[in-house]
Amino acid sequence: MKQLHEILRLMGRYRSRMLSGAFFVLVTNSILIFGPRILGQAIDDLRDGDGLVRHPLGWYLGWLLAISVGQGLARFAMRRILIGASRRVERDLRASYLERLLELPRSFFAGRYTGDIMSRATQDIENVRMAAGPALMYSLDTLLLSGYALTMMLWIHPALTAIVLGLLPLISGLVWWLSHHIHLATMDAQRCFGRVSTFVQEALSGMRVVQAYVREEEQAHRFRGHLAEYRSLQMRLVALQSAFRPLLGLLFALGQGLVLWQGGRLIVEGRLSLGDYVAFSTYLTLLSWPMVATGWSLSLLQRGSAGMRRLNEILLAASDLTWGPERAGSHPRLVVEKLGFTYADADAPALQDISFTVEPGQALGIVGPTGCGKSTLLRLLSRQSDALEGRVLLDGKDLRQLEADALRGVMSLAPQEAFLFSATLAENVRYGRPDAPDADLERAAEDSRLAQDLPQLPQGWETVVGERGVTLSGGQKQRATIARALVPEAPILLLDDALSAIDTRTEEALIQRLRQVMGRRSVLISSHRLSVMREVDWIIVLDQGRLVEQGTHAQLVKQGGLYAELWRRQELRSSLEEAF
Amino acid sequence: MGPGGGGGRAHRGVDPDRGLDLRLLRRLTGYLRPHWKGALVALVMILGAAGLETAVPLVTRHAIDVNVAGRDLDGLLRSLMLFLGLSTGAFLLRCGQQVLTGWIGQSIVLELRGRVFERVLRLHVGWFDRHPVGQVMSRVTNDVESLNELFTGGLILIFQDILLLGAISGVLLWMDWRLALVLFAVVPLIFLATFQFKRLTRAAFRRVRALVGELTGFLQETITGMQVVQLFRREAATRQRFARMNDELMRENVRTIFYFAVFFPLMELLGSVATAAILWAAAGRLLDHTLSFGALVAFLAYADRFFRPIRDLAEKYNILQSAMAASERVFELLDEQPALPSGPVGAQGGMEAPPRRGEVEFENVSFAYEGESWVLQDLSFHLKAGQSNALVGWTGAGKSSVAALLLRQYEFQRGRILVDGVDIRQWDVQALRSRMAIVLQDVFLFSGSMAQNIHLGRSLPEGAVEAAAQRTGLDRLARQREGGLDEAVGERGQLLSGGQRQLVSFSRALAGDPALLILDEATSSVDSLSEELIQQAIEELMRGRSSLVIAHRLSTIRKADQILVLHQGRLVESGRHEELLVKRGVYHRLWQLEQPVGGGRLGH
């Protein structure tokens with residue numbers, strides 16, 4: 001239960017809040033416990049004489065109502081304070097979760113599904129909250145209430161209380177067992193529901209294939225198979241849930257029955273007053289809630305600690321990137337020395353012994369067949385991962401010695417995957433420099449040829465794009481990401497295969513504009529498409545992680561090696577490609 | 001009704017508090033009909049359980065008033081046995097009834113979901129253009145799920161609550177009508193409090209849900225775009241924005257606590273008021289012995305039970321309302337008209353289909369997706385059996401529409417299309433499609449193995465899958481993998497390369513031995529290394545059958561028996577490659593445009 005300790009530590013910030021909450025739990029139960037006693041006395045008083053001897057009826061009723069009001073107010077405070085605290089814990093946890101994610105390096109995300117990271121943020125945090133809030137509150141509540149009730153019952157009649165004490169653990173254990181299994185069954189059913197959804201999703205996405213190949217009936221048949229499985233899992237859940245309440249009802253009835261039997265005997269023998277009996281059985285009713293709550297809380301605490309464990313896998317994940325204190329100049333020289341890198345799950349190195357230099361204002365082309373290590377190289381240069389061998393120097397300083405802000409301020413990357421956020425196009429392009437003036441935005445749009453798309457968008461710059469906005473074509477997205485990389489005016493620009501989805505005509509114009517950009521800063525371009533390589537100062541050719549050729553376009557074509565072969569293929573491909 | 005109006009702001013357009021639509025309700029209950037026997041049994045069980053539960057306090061009363069007062073210990077034991085017997089009976093009935101209603105509900109939901117899915121499967125392609133996958137998904141999953149709640153937790157249990165209320169009221173009135181009236185006086189207050197609470201919490205929950213959606217959406221996007229966030233040093237800004245949403249959600253959540261914190265103590269207070277009022281009213285009658293203690297105790301016990309169904313009813317009213325909204329969306333989908341009317345030719349029990357030749361004739365066909373904006377105009381051509389044909393033209397020339405019409409995905413407005421000599425409108429859609437195979441630009445693979453993706457669960461002759469894989473060359477690639485053709489392809493086939501996926505889809509087309517093969521821009525997304533392989537596969541595919549290749553790579557088109565050139569929906573030229581080049585018309589221009597960009601400069 002190490003995780004429970006962890007949850008308590010999270011709540012430490014709200015210690016005074018928790019304490020005042022606990023105080024109200026105490027108050028609630030202290031008031032509550034007198035209700036049945038008063039009721040019992042009222043009944044005895046009514047029964048004893050031919051009128052109310054000890055107190056007038058109004059006195060009793062006044063007390064009953066006063067207890068109810070006082071108890072209600074205290075319970076109100078208790079809920080607000082304790083559950084409110086758990087909501088705050090939830091917020092803190094969520095914030096530190098995101099904080100942690102923001103600090104983790106690329107390698108961390110590579111091996112994980114977004115859905116998994118998300119489900120921790122939603123499901124697991126909720127589980128921790130339930131443990132920190134309701135479970136803790138009800139545990140405390142239960143402890144106090146059962147303590148009080150049992151004391152009162154012992155006071156009224158110890159032997160009768162013994163019967164109840166025998167039943168208590170039985171009921172709590174049963175509730176715990178049932179809620180645990182209901183939880184498991186729920187998870188099973190949810191997983192199955194996930195499969196059902198995936199099936200529908202797939203069928204809908206592949207509808208053209210389904211219909212063209214007349215597979216409708218077969219799909220429907222398979223779907224019904226999934227549905228039948230889902231129904232049987234649901235029925236397991238239904239059966240457990242169906243047993244839950246009635247079974248508790250039965251056990252309470254058993255308790256009430258035993259008390260009635262023994263109590264009845266005691267009354268007959270004159271050793272118990274009717275009022276005491278009524279009070280006792282009312283206390284028994286009061287106890288029914290703690291019995292349920294104990295089992296329920298246990299199950300919640302269990303889930304909470306499992307959730308905490310899963311969260312810790314991320315909250316305590318170590319980032320292998322550390323940053324130094326140095327800064328770089330405004331026109332840095334980039335030197336790569338004997339760079340090597342191997343992915344954690346790979347046998348062969350992705351990069352081996354790579355060395356080259358990019359002078360300020362120079363343009364370097366990086367070329368090679370798929371999987372040659374182009375993207376890995378750019379990833380190391382932008383320090384999304386660290387090289388395992390060799391080093392990268394900016395103005396003679398090792399990348400690892402630079403401040404994060406300093407490095408990212410010097411380099412600007414347009415990644416291979418053109419990702420845009422659900423925000424306006426202007427916000428997306430300004431992403432790296434939110435205070436960029438409109439003039440810079442317009443210039444970046446011209447340079448990236450994004451300008452040609454603006455008139456086609458419903459609200460121009462103000463068009464919301466990304467997942468929840470207008471769908472852009474692959475080429476439009478790439479142009480936007482290039483514009484985004486241009487806006488910060490970083491001295492080194494990295495384009496990681498950022499032209500792949502841009503059609504050939506636009507590409508030509510884009511390259512013309514980039515040539516001007518190249519004069520102002522260093523540019524590193526990796527690309528499958530070689531047309532742009534005619535414009536760079538120097539080309540390095542990678543194959544299976546090694547630098548195999550370098551030179552200018554003309555030199556390399558003449559050389560007749562890998563580059564010349566790739567260039568020939570490129571020409572062949574464009575001759576086969578469609579015109580538009 | 002006062003403060004509840006706040007809910008309207010969150011969700012404009014849909015009124016969450018509208019009444020019950022009887023027409024919808026009747027249609028929903030229609031799904032109960034096949035289960036009427038089970039439902040009847042469940043109802044009887046409910047009656048039994050409610051009856052037994054109602055009887056229990058009476059036994060308690062008897063035990064106290066008669067047995068204890070009469071000092072009859074044997075009688076007490078008998079009463080006790082009766083008490084336990086009744087409790088056990090109620091327990092068994094209740095368990096059984098819940099399992100039974102659960103089964104009925106689950107079965108109805110299964111049926112409903114199955115029907116919705118079957119209906120969707122038969123809708124035509126155009127419908128899917130207008131309805132995004134996410135929206136349809138949520139109807140098949142979420143909306144049907146909330147109907148589940150109606151059938152398992154709602155409809156049948158409403159009877160129970162009404163019955164319980166009736167039974168308890170009856171018993172209370174029978175026991176002591178004056179005390180009962182005192183108790184009933186509190187009921188309106190409870191109703192009011194409960195419904196007000198439901199209204200307020202519903203609105204609050206809606207706000208919470210909206211905020212949660214916003215927050216998770218943001219988080220999801222941040223995770224997906226983490227690389228960009230980090231590269232552009234936007235961690236702090238992201239954190240701040242998240243913190244704002246996070247705080248707002250927290251505050252809204254705390255606000256909902258308030259409602260709960262008020263409601264439950266309030267209900268208890270109302271209960272106490274009722275108890276106090278009963279005691280007050282009972283006091284005098286106890287003294288003049290017109291009321292026994294046992295009766296009072298039993299009466300109080302009933303009073304306690306009386307409140308529960310009222311609270312539950314409010315709960316169920318909620319379920320009923322959200323089920324109404326959901327069922328409206330589900331029924332809307334069920335009422336969609338299926339694709340296009342199907343003809344009798346080739347249908348089961350219909351007219352016999354002509355032999356498979358793969359011959360197609362377009363006679364003055366005009367087609368528009370909407371109104372008068374013609375995509376195809378007065379189009380006529382003839383695809384002879386066994387011939388290879390190509391369809392070329394600019395983007396928007398209408399090439400893909402030709403394939404869509406052939407597959408009966410859209411209805412055309414004018415002219416006639418004959419497939420194997422039969423008017424396409426006379427064909428049974430499924431029989432028609434079985435004669436053809438189409439390979440689409442973006443290959444869609446289902447998660448499963450390569451073999452399953454080729455087979456697609458069709459009734460193919462033994463060995464057809466392997467033979468097809470062999471002819472397209474897929475088997476050579478597959479042999480390099482551990483499981484061969486049985487190797488899983490992953491979600492949407494992402495474990496395969498573009499070329500491999502394409503070969504799977506070719507094999508899929510080939511396995512069914514179609515009379516007519518349609519390739520719709522089928523090779524535009526293939527990596528260069530597998531190009532040669534694909535080329536061979538295509539030639540193999542086209543051998544011995546009619547084919548229609550849309551906007552294909554030039555090498556394939558060159559060899560076609562007939563090239564049809566479309567321009568703005570009209571057929572402008574047709575003939576073989578060499579003939580068309582000589583004409584120096586549209587085809588020649590297209591050909592020129594396909595030459596590499598900046599090709600002149602390469603010559604140096």
# chains A, B, ... in the order shown; residues from 1 in each chain; ligands from 1
call {"tool": "select_by_dssp", "arguments": {"residues": "stretch 199-379 of chain B", "states": "strand (DSSP E)", "output": "PyMOL selection string"}}
result
chain B and resi 360-367+376-379
call {"tool": "residues_around", "arguments": {"residues": "B:Pro514", "least_positions_apart": "6", "cutoff": "9 Å", "atoms": "only C-alpha atoms", "output": "ChimeraX atom specification"}}
result
/B:356,358,434-437,545-546
call {"tool": "write_last_selection", "arguments": {"atoms": "N, CA and C atoms", "output": "tab-separated table (two decimals), in the first residue's frame"}}
result
chain	number	residue	atom	x	y	z
B	356	ARG	N	-21.30	-14.25	-67.46
B	356	ARG	CA	-20.34	-13.20	-67.08
B	356	ARG	C	-19.40	-12.94	-68.25
B	358	GLY	N	-18.30	-9.30	-68.71
B	358	GLY	CA	-17.57	-8.09	-68.36
B	358	GLY	C	-17.69	-7.03	-69.45
B	434	SER	N	-20.97	-8.28	-57.60
B	434	SER	CA	-20.19	-9.51	-57.56
B	434	SER	C	-19.45	-9.77	-58.86
B	435	ARG	N	-19.90	-9.15	-59.95
B	435	ARG	CA	-19.23	-9.35	-61.22
B	435	ARG	C	-17.98	-8.49	-61.34
B	436	MET	N	-17.88	-7.51	-60.47
B	436	MET	CA	-16.78	-6.56	-60.62
B	436	MET	C	-15.87	-6.63	-59.41
B	437	ALA	N	-14.68	-6.05	-59.59
B	437	ALA	CA	-13.82	-5.84	-58.45
B	437	ALA	C	-13.18	-4.49	-58.64
B	545	ARG	N	-9.57	-10.63	-68.71
B	545	ARG	CA	-10.84	-10.06	-68.25
B	545	ARG	C	-10.92	-8.62	-68.73
B	546	SER	N	-12.12	-8.06	-68.66
B	546	SER	CA	-12.26	-6.65	-69.01
B	546	SER	C	-11.70	-5.81	-67.87
call {"tool": "residues_around", "arguments": {"residues": "B:Gly102", "least_positions_apart": "2", "cutoff": "7 Å", "atoms": "only C-alpha atoms", "output": "PyMOL selection string"}}
result
(chain A and resi 235+238) or (chain B and resi 98-100+104-106+152)
call {"tool": "closest_residue", "arguments": {"among": "A:Gly307, A:Gly474, A:Gly324, A:Pro434", "to": "chain B", "atoms": "only C-alpha atoms"}}
result
A:Pro434
call {"tool": "residues_around", "arguments": {"residues": "B:Ala488", "least_positions_apart": "6", "cutoff": "9 Å", "atoms": "only C-alpha atoms", "output": "list of chain:residue names"}}
result
B:Ser447, B:Gly448, B:Ser449, B:Met450, B:Ala451, B:Leu495
call {"tool": "write_last_selection", "arguments": {"atoms": "N, CA and C atoms", "output": "PDB file, in the first residue's frame"}}
result
ATOM      1  N   SER B 447      -8.097  -5.061 -39.797  1.00  0.00           N
ATOM      2  CA  SER B 447      -7.130  -5.738 -38.944  1.00  0.00           C
ATOM      3  C   SER B 447      -7.441  -7.231 -39.018  1.00  0.00           C
ATOM      4  N   GLY B 448      -6.421  -8.025 -39.100  1.00  0.00           N
ATOM      5  CA  GLY B 448      -6.569  -9.454 -39.356  1.00  0.00           C
ATOM      6  C   GLY B 448      -5.340  -9.863 -40.149  1.00  0.00           C
ATOM      7  N   SER B 449      -5.382 -11.030 -40.769  1.00  0.00           N
ATOM      8  CA  SER B 449      -4.204 -11.470 -41.514  1.00  0.00           C
ATOM      9  C   SER B 449      -4.325 -11.035 -42.973  1.00  0.00           C
ATOM     10  N   MET B 450      -3.227 -11.189 -43.706  1.00  0.00           N
ATOM     11  CA  MET B 450      -3.271 -10.898 -45.137  1.00  0.00           C
ATOM     12  C   MET B 450      -4.301 -11.809 -45.800  1.00  0.00           C
ATOM     13  N   ALA B 451      -4.252 -13.103 -45.416  1.00  0.00           N
ATOM     14  CA  ALA B 451      -5.166 -14.067 -46.032  1.00  0.00           C
ATOM     15  C   ALA B 451      -6.618 -13.643 -45.797  1.00  0.00           C
ATOM     16  N   LEU B 495       1.121  -2.394 -40.479  1.00  0.00           N
ATOM     17  CA  LEU B 495       2.357  -3.162 -40.360  1.00  0.00           C
ATOM     18  C   LEU B 495       2.956  -3.476 -41.726  1.00  0.00           C
TER      19      LEU B 495
END
call {"tool": "select_by_dssp", "arguments": {"residues": "stretch 162-346 of chain A", "states": "alpha helix (DSSP H)", "output": "MDAnalysis selection string"}}
result
chainID A and resid 162:205 207:212 216:268 274:315
call {"tool": "write_last_selection", "arguments": {"atoms": "C-alpha atoms", "output": "CSV table (one decimal), in the first residue's frame"}}
result
chain,number,residue,atom,x,y,z
A,162,ALA,CA,-22.7,-9.2,20.2
A,163,ILE,CA,-25.0,-10.6,17.5
A,164,VAL,CA,-24.5,-7.5,15.4
A,165,LEU,CA,-20.8,-7.6,15.8
A,166,GLY,CA,-20.8,-11.1,14.4
A,167,LEU,CA,-22.6,-9.9,11.3
A,168,LEU,CA,-20.5,-6.8,10.7
A,169,PRO,CA,-17.3,-8.3,9.1
A,170,LEU,CA,-19.4,-10.7,7.1
A,171,ILE,CA,-21.3,-7.9,5.4
A,172,SER,CA,-18.2,-5.7,4.9
A,173,GLY,CA,-16.3,-8.6,3.4
A,174,LEU,CA,-19.1,-9.4,1.1
A,175,VAL,CA,-19.4,-5.8,-0.1
A,176,TRP,CA,-15.7,-5.7,-0.7
A,177,TRP,CA,-15.7,-8.9,-2.6
A,178,LEU,CA,-18.7,-7.9,-4.7
A,179,SER,CA,-17.4,-4.4,-5.6
A,180,HIS,CA,-14.1,-5.9,-6.5
A,181,HIS,CA,-15.6,-8.4,-8.9
A,182,ILE,CA,-18.1,-5.9,-10.2
A,183,HIS,CA,-15.1,-3.7,-11.0
A,184,LEU,CA,-13.3,-6.5,-12.8
A,185,ALA,CA,-16.4,-7.4,-14.7
A,186,THR,CA,-16.9,-3.8,-15.7
A,187,MET,CA,-13.4,-3.6,-17.0
A,188,ASP,CA,-14.0,-6.8,-19.1
A,189,ALA,CA,-17.2,-5.4,-20.5
A,190,GLN,CA,-15.6,-2.1,-21.3
A,191,ARG,CA,-12.7,-3.8,-23.1
A,192,CYS,CA,-15.2,-5.8,-25.1
A,193,PHE,CA,-17.2,-2.6,-25.9
A,194,GLY,CA,-13.9,-1.2,-27.1
A,195,ARG,CA,-13.6,-4.1,-29.5
A,196,VAL,CA,-17.2,-3.5,-30.7
A,197,SER,CA,-16.4,0.1,-31.3
A,198,THR,CA,-13.2,-0.7,-33.2
A,199,PHE,CA,-15.1,-3.1,-35.3
A,200,VAL,CA,-17.7,-0.5,-36.2
A,201,GLN,CA,-15.1,2.1,-36.8
A,202,GLU,CA,-13.2,-0.2,-39.1
A,203,ALA,CA,-16.3,-1.2,-41.0
A,204,LEU,CA,-17.3,2.4,-41.5
A,205,SER,CA,-13.9,3.4,-42.7
A,207,MET,CA,-17.3,0.9,-46.2
A,208,ARG,CA,-16.4,1.3,-49.8
A,209,VAL,CA,-14.5,-2.0,-49.8
A,210,VAL,CA,-17.3,-3.7,-47.8
A,211,GLN,CA,-19.9,-2.6,-50.4
A,212,ALA,CA,-17.9,-3.1,-53.5
A,216,GLU,CA,-22.5,-6.6,-46.0
A,217,GLU,CA,-24.0,-9.8,-44.7
A,218,GLU,CA,-20.7,-11.2,-43.6
A,219,GLN,CA,-19.9,-8.0,-41.7
A,220,ALA,CA,-23.3,-8.0,-40.1
A,221,HIS,CA,-22.8,-11.6,-39.0
A,222,ARG,CA,-19.4,-10.9,-37.5
A,223,PHE,CA,-20.8,-7.8,-35.8
A,224,ARG,CA,-23.5,-9.9,-34.2
A,225,GLY,CA,-20.8,-12.3,-33.0
A,226,HIS,CA,-19.1,-9.4,-31.2
A,227,LEU,CA,-22.4,-8.2,-29.8
A,228,ALA,CA,-23.2,-11.6,-28.4
A,229,GLU,CA,-19.9,-11.7,-26.6
A,230,TYR,CA,-20.6,-8.2,-25.3
A,231,ARG,CA,-24.0,-9.3,-24.1
A,232,SER,CA,-22.6,-12.3,-22.2
A,233,LEU,CA,-20.0,-10.2,-20.5
A,234,GLN,CA,-22.6,-7.6,-19.6
A,235,MET,CA,-24.8,-10.4,-18.2
A,236,ARG,CA,-22.0,-11.4,-15.8
A,237,LEU,CA,-21.9,-7.8,-14.6
A,238,VAL,CA,-25.7,-7.7,-14.4
A,239,ALA,CA,-25.7,-10.9,-12.3
A,240,LEU,CA,-23.2,-9.5,-9.9
A,241,GLN,CA,-25.0,-6.2,-9.6
A,242,SER,CA,-28.3,-7.9,-9.2
A,243,ALA,CA,-27.1,-9.9,-6.3
A,244,PHE,CA,-25.5,-6.8,-4.6
A,245,ARG,CA,-28.4,-4.9,-3.2
A,246,PRO,CA,-30.8,-7.7,-2.5
A,247,LEU,CA,-28.1,-9.7,-0.8
A,248,LEU,CA,-27.3,-6.8,1.5
A,249,GLY,CA,-31.0,-6.4,2.2
A,250,LEU,CA,-31.2,-10.1,3.1
A,251,LEU,CA,-28.3,-9.8,5.5
A,252,PHE,CA,-29.7,-6.8,7.2
A,253,ALA,CA,-33.0,-8.5,7.5
A,254,LEU,CA,-31.1,-11.4,9.1
A,255,GLY,CA,-29.6,-9.0,11.6
A,256,GLN,CA,-32.9,-7.4,12.3
A,257,GLY,CA,-34.5,-10.7,12.6
A,258,LEU,CA,-32.0,-12.0,15.1
A,259,VAL,CA,-32.3,-8.7,17.1
A,260,LEU,CA,-36.0,-9.0,17.0
A,261,TRP,CA,-35.9,-12.5,18.3
A,262,GLN,CA,-33.4,-12.0,21.1
A,263,GLY,CA,-34.8,-8.5,21.8
A,264,GLY,CA,-38.3,-9.9,21.9
A,265,ARG,CA,-37.3,-12.4,24.5
A,266,LEU,CA,-35.6,-9.8,26.6
A,267,ILE,CA,-38.7,-7.6,26.5
A,268,VAL,CA,-40.8,-10.6,27.5
A,274,LEU,CA,-39.7,-1.3,24.3
A,275,GLY,CA,-38.1,2.1,23.8
A,276,ASP,CA,-34.7,0.7,24.2
A,277,TYR,CA,-35.5,-2.0,21.7
A,278,VAL,CA,-36.7,0.6,19.1
A,279,ALA,CA,-33.6,2.7,19.8
A,280,PHE,CA,-31.4,-0.4,19.4
A,281,SER,CA,-32.9,-1.4,16.1
A,282,THR,CA,-32.6,2.1,14.8
A,283,TYR,CA,-28.9,2.0,15.7
A,284,LEU,CA,-28.7,-1.2,13.8
A,285,THR,CA,-30.3,0.6,10.8
A,286,LEU,CA,-27.7,3.3,11.2
A,287,LEU,CA,-24.9,0.7,11.1
A,288,SER,CA,-26.1,-0.7,7.8
A,289,TRP,CA,-24.5,2.2,6.0
A,290,PRO,CA,-21.0,1.8,7.6
A,291,MET,CA,-21.1,-1.9,6.7
A,292,VAL,CA,-21.6,-1.1,3.0
A,293,ALA,CA,-19.3,1.9,3.0
A,294,THR,CA,-16.4,-0.1,4.5
A,295,GLY,CA,-16.4,-2.6,1.7
A,296,TRP,CA,-17.0,0.0,-0.9
A,297,SER,CA,-14.2,2.3,0.4
A,298,LEU,CA,-11.8,-0.6,0.5
A,299,SER,CA,-12.5,-1.3,-3.2
A,300,LEU,CA,-12.1,2.4,-4.0
A,301,LEU,CA,-8.8,2.5,-2.2
A,302,GLN,CA,-7.6,-0.5,-4.0
A,303,ARG,CA,-8.4,1.1,-7.4
A,304,GLY,CA,-6.9,4.4,-6.2
A,305,SER,CA,-3.6,2.8,-5.4
A,306,ALA,CA,-3.5,0.9,-8.7
A,307,GLY,CA,-4.2,4.2,-10.4
A,308,MET,CA,-1.4,5.9,-8.5
A,309,ARG,CA,1.0,3.1,-9.5
A,310,ARG,CA,0.1,3.7,-13.2
A,311,LEU,CA,0.5,7.4,-12.8
A,312,ASN,CA,3.8,7.1,-11.2
A,313,GLU,CA,5.1,5.2,-14.2
A,314,ILE,CA,4.9,8.6,-15.9
A,315,LEU,CA,5.3,11.0,-13.0
call {"tool": "residues_around", "arguments": {"residues": "A:Tyr343", "least_positions_apart": "3", "cutoff": "10 Å", "atoms": "only C-alpha atoms", "output": "PyMOL selection string"}}
result
chain A and resi 107+346-351+376+388
call {"tool": "write_last_selection", "arguments": {"atoms": "all heavy atoms", "output": "tab-separated table (two decimals), in the first residue's frame"}}
result
chain	number	residue	atom	x	y	z
A	107	SER	N	11.90	10.19	-27.12
A	107	SER	CA	12.03	8.73	-27.05
A	107	SER	C	10.95	8.14	-26.13
A	107	SER	O	10.50	7.03	-26.34
A	107	SER	CB	13.41	8.36	-26.52
A	107	SER	OG	13.65	9.00	-25.29
A	346	ALA	N	16.56	-1.64	-31.52
A	346	ALA	CA	17.12	-2.03	-32.81
A	346	ALA	C	18.46	-2.75	-32.63
A	346	ALA	O	19.16	-2.55	-31.64
A	346	ALA	CB	17.32	-0.80	-33.68
A	347	ASP	N	18.79	-3.60	-33.58
A	347	ASP	CA	20.08	-4.30	-33.54
A	347	ASP	C	21.17	-3.44	-34.18
A	347	ASP	O	22.25	-3.27	-33.64
A	347	ASP	CB	20.01	-5.63	-34.31
A	347	ASP	CG	18.81	-6.44	-33.88
A	347	ASP	OD1	18.47	-6.36	-32.68
A	347	ASP	OD2	18.19	-7.10	-34.73
A	348	ALA	N	20.82	-2.90	-35.35
A	348	ALA	CA	21.83	-2.15	-36.08
A	348	ALA	C	21.75	-0.68	-35.71
A	348	ALA	O	20.68	-0.17	-35.41
A	348	ALA	CB	21.59	-2.32	-37.58
A	349	PRO	N	22.89	0.02	-35.74
A	349	PRO	CA	22.86	1.45	-35.44
A	349	PRO	C	22.11	2.22	-36.52
A	349	PRO	O	22.18	1.85	-37.71
A	349	PRO	CB	24.33	1.86	-35.41
A	349	PRO	CG	25.07	0.77	-36.06
A	349	PRO	CD	24.26	-0.48	-35.94
A	350	ALA	N	21.38	3.27	-36.12
A	350	ALA	CA	20.66	4.09	-37.08
A	350	ALA	C	21.60	5.09	-37.72
A	350	ALA	O	21.40	5.50	-38.86
A	350	ALA	CB	19.51	4.82	-36.39
A	351	LEU	N	22.63	5.47	-36.98
A	351	LEU	CA	23.65	6.38	-37.50
A	351	LEU	C	25.00	5.93	-37.00
A	351	LEU	O	25.12	5.43	-35.88
A	351	LEU	CB	23.40	7.81	-36.99
A	351	LEU	CG	22.32	8.66	-37.66
A	351	LEU	CD1	22.29	10.02	-36.99
A	351	LEU	CD2	22.55	8.79	-39.16
A	376	THR	N	16.72	10.62	-38.12
A	376	THR	CA	17.45	10.45	-36.87
A	376	THR	C	18.50	11.55	-36.73
A	376	THR	O	18.67	12.14	-35.65
A	376	THR	CB	18.14	9.08	-36.84
A	376	THR	OG1	17.18	8.09	-37.16
A	376	THR	CG2	18.74	8.79	-35.49
A	388	LEU	N	24.56	8.88	-28.97
A	388	LEU	CA	25.22	7.94	-28.06
A	388	LEU	C	26.73	8.01	-28.27
A	388	LEU	O	27.51	7.73	-27.38
A	388	LEU	CB	24.72	6.52	-28.31
A	388	LEU	CG	23.22	6.35	-28.07
A	388	LEU	CD1	22.80	4.92	-28.36
A	388	LEU	CD2	22.87	6.73	-26.64
call {"tool": "residues_around", "arguments": {"residues": "B:Val439", "least_positions_apart": "3", "cutoff": "12 Å", "atoms": "only C-alpha atoms", "output": "PyMOL selection string"}}
result
(chain A and resi 208-209+212-213) or (chain B and resi 400+403+436+442-445+501-510+514+516-524+538+541+547-550)
call {"tool": "residues_around", "arguments": {"residues": "stretch 353-361 of chain A", "least_positions_apart": "2", "cutoff": "7 Å", "atoms": "only C-alpha atoms", "output": "JSON, numbers by chain"}}
result
{"A": [331, 332, 333, 334, 335, 336, 337, 338, 339, 340, 351, 363, 518, 519, 520, 521, 522, 546, 547]}
call {"tool": "closest_residue", "arguments": {"among": "A:Thr481, A:Gln555, A:Gln3, A:Ser330", "to": "chain B", "atoms": "only C-alpha atoms"}}
result
A:Thr481
call {"tool": "atom_distance", "arguments": {"atom1": "atom CA of B:Ala281", "atom2": "atom CA of A:Gln41"}}
result
17.3 Å
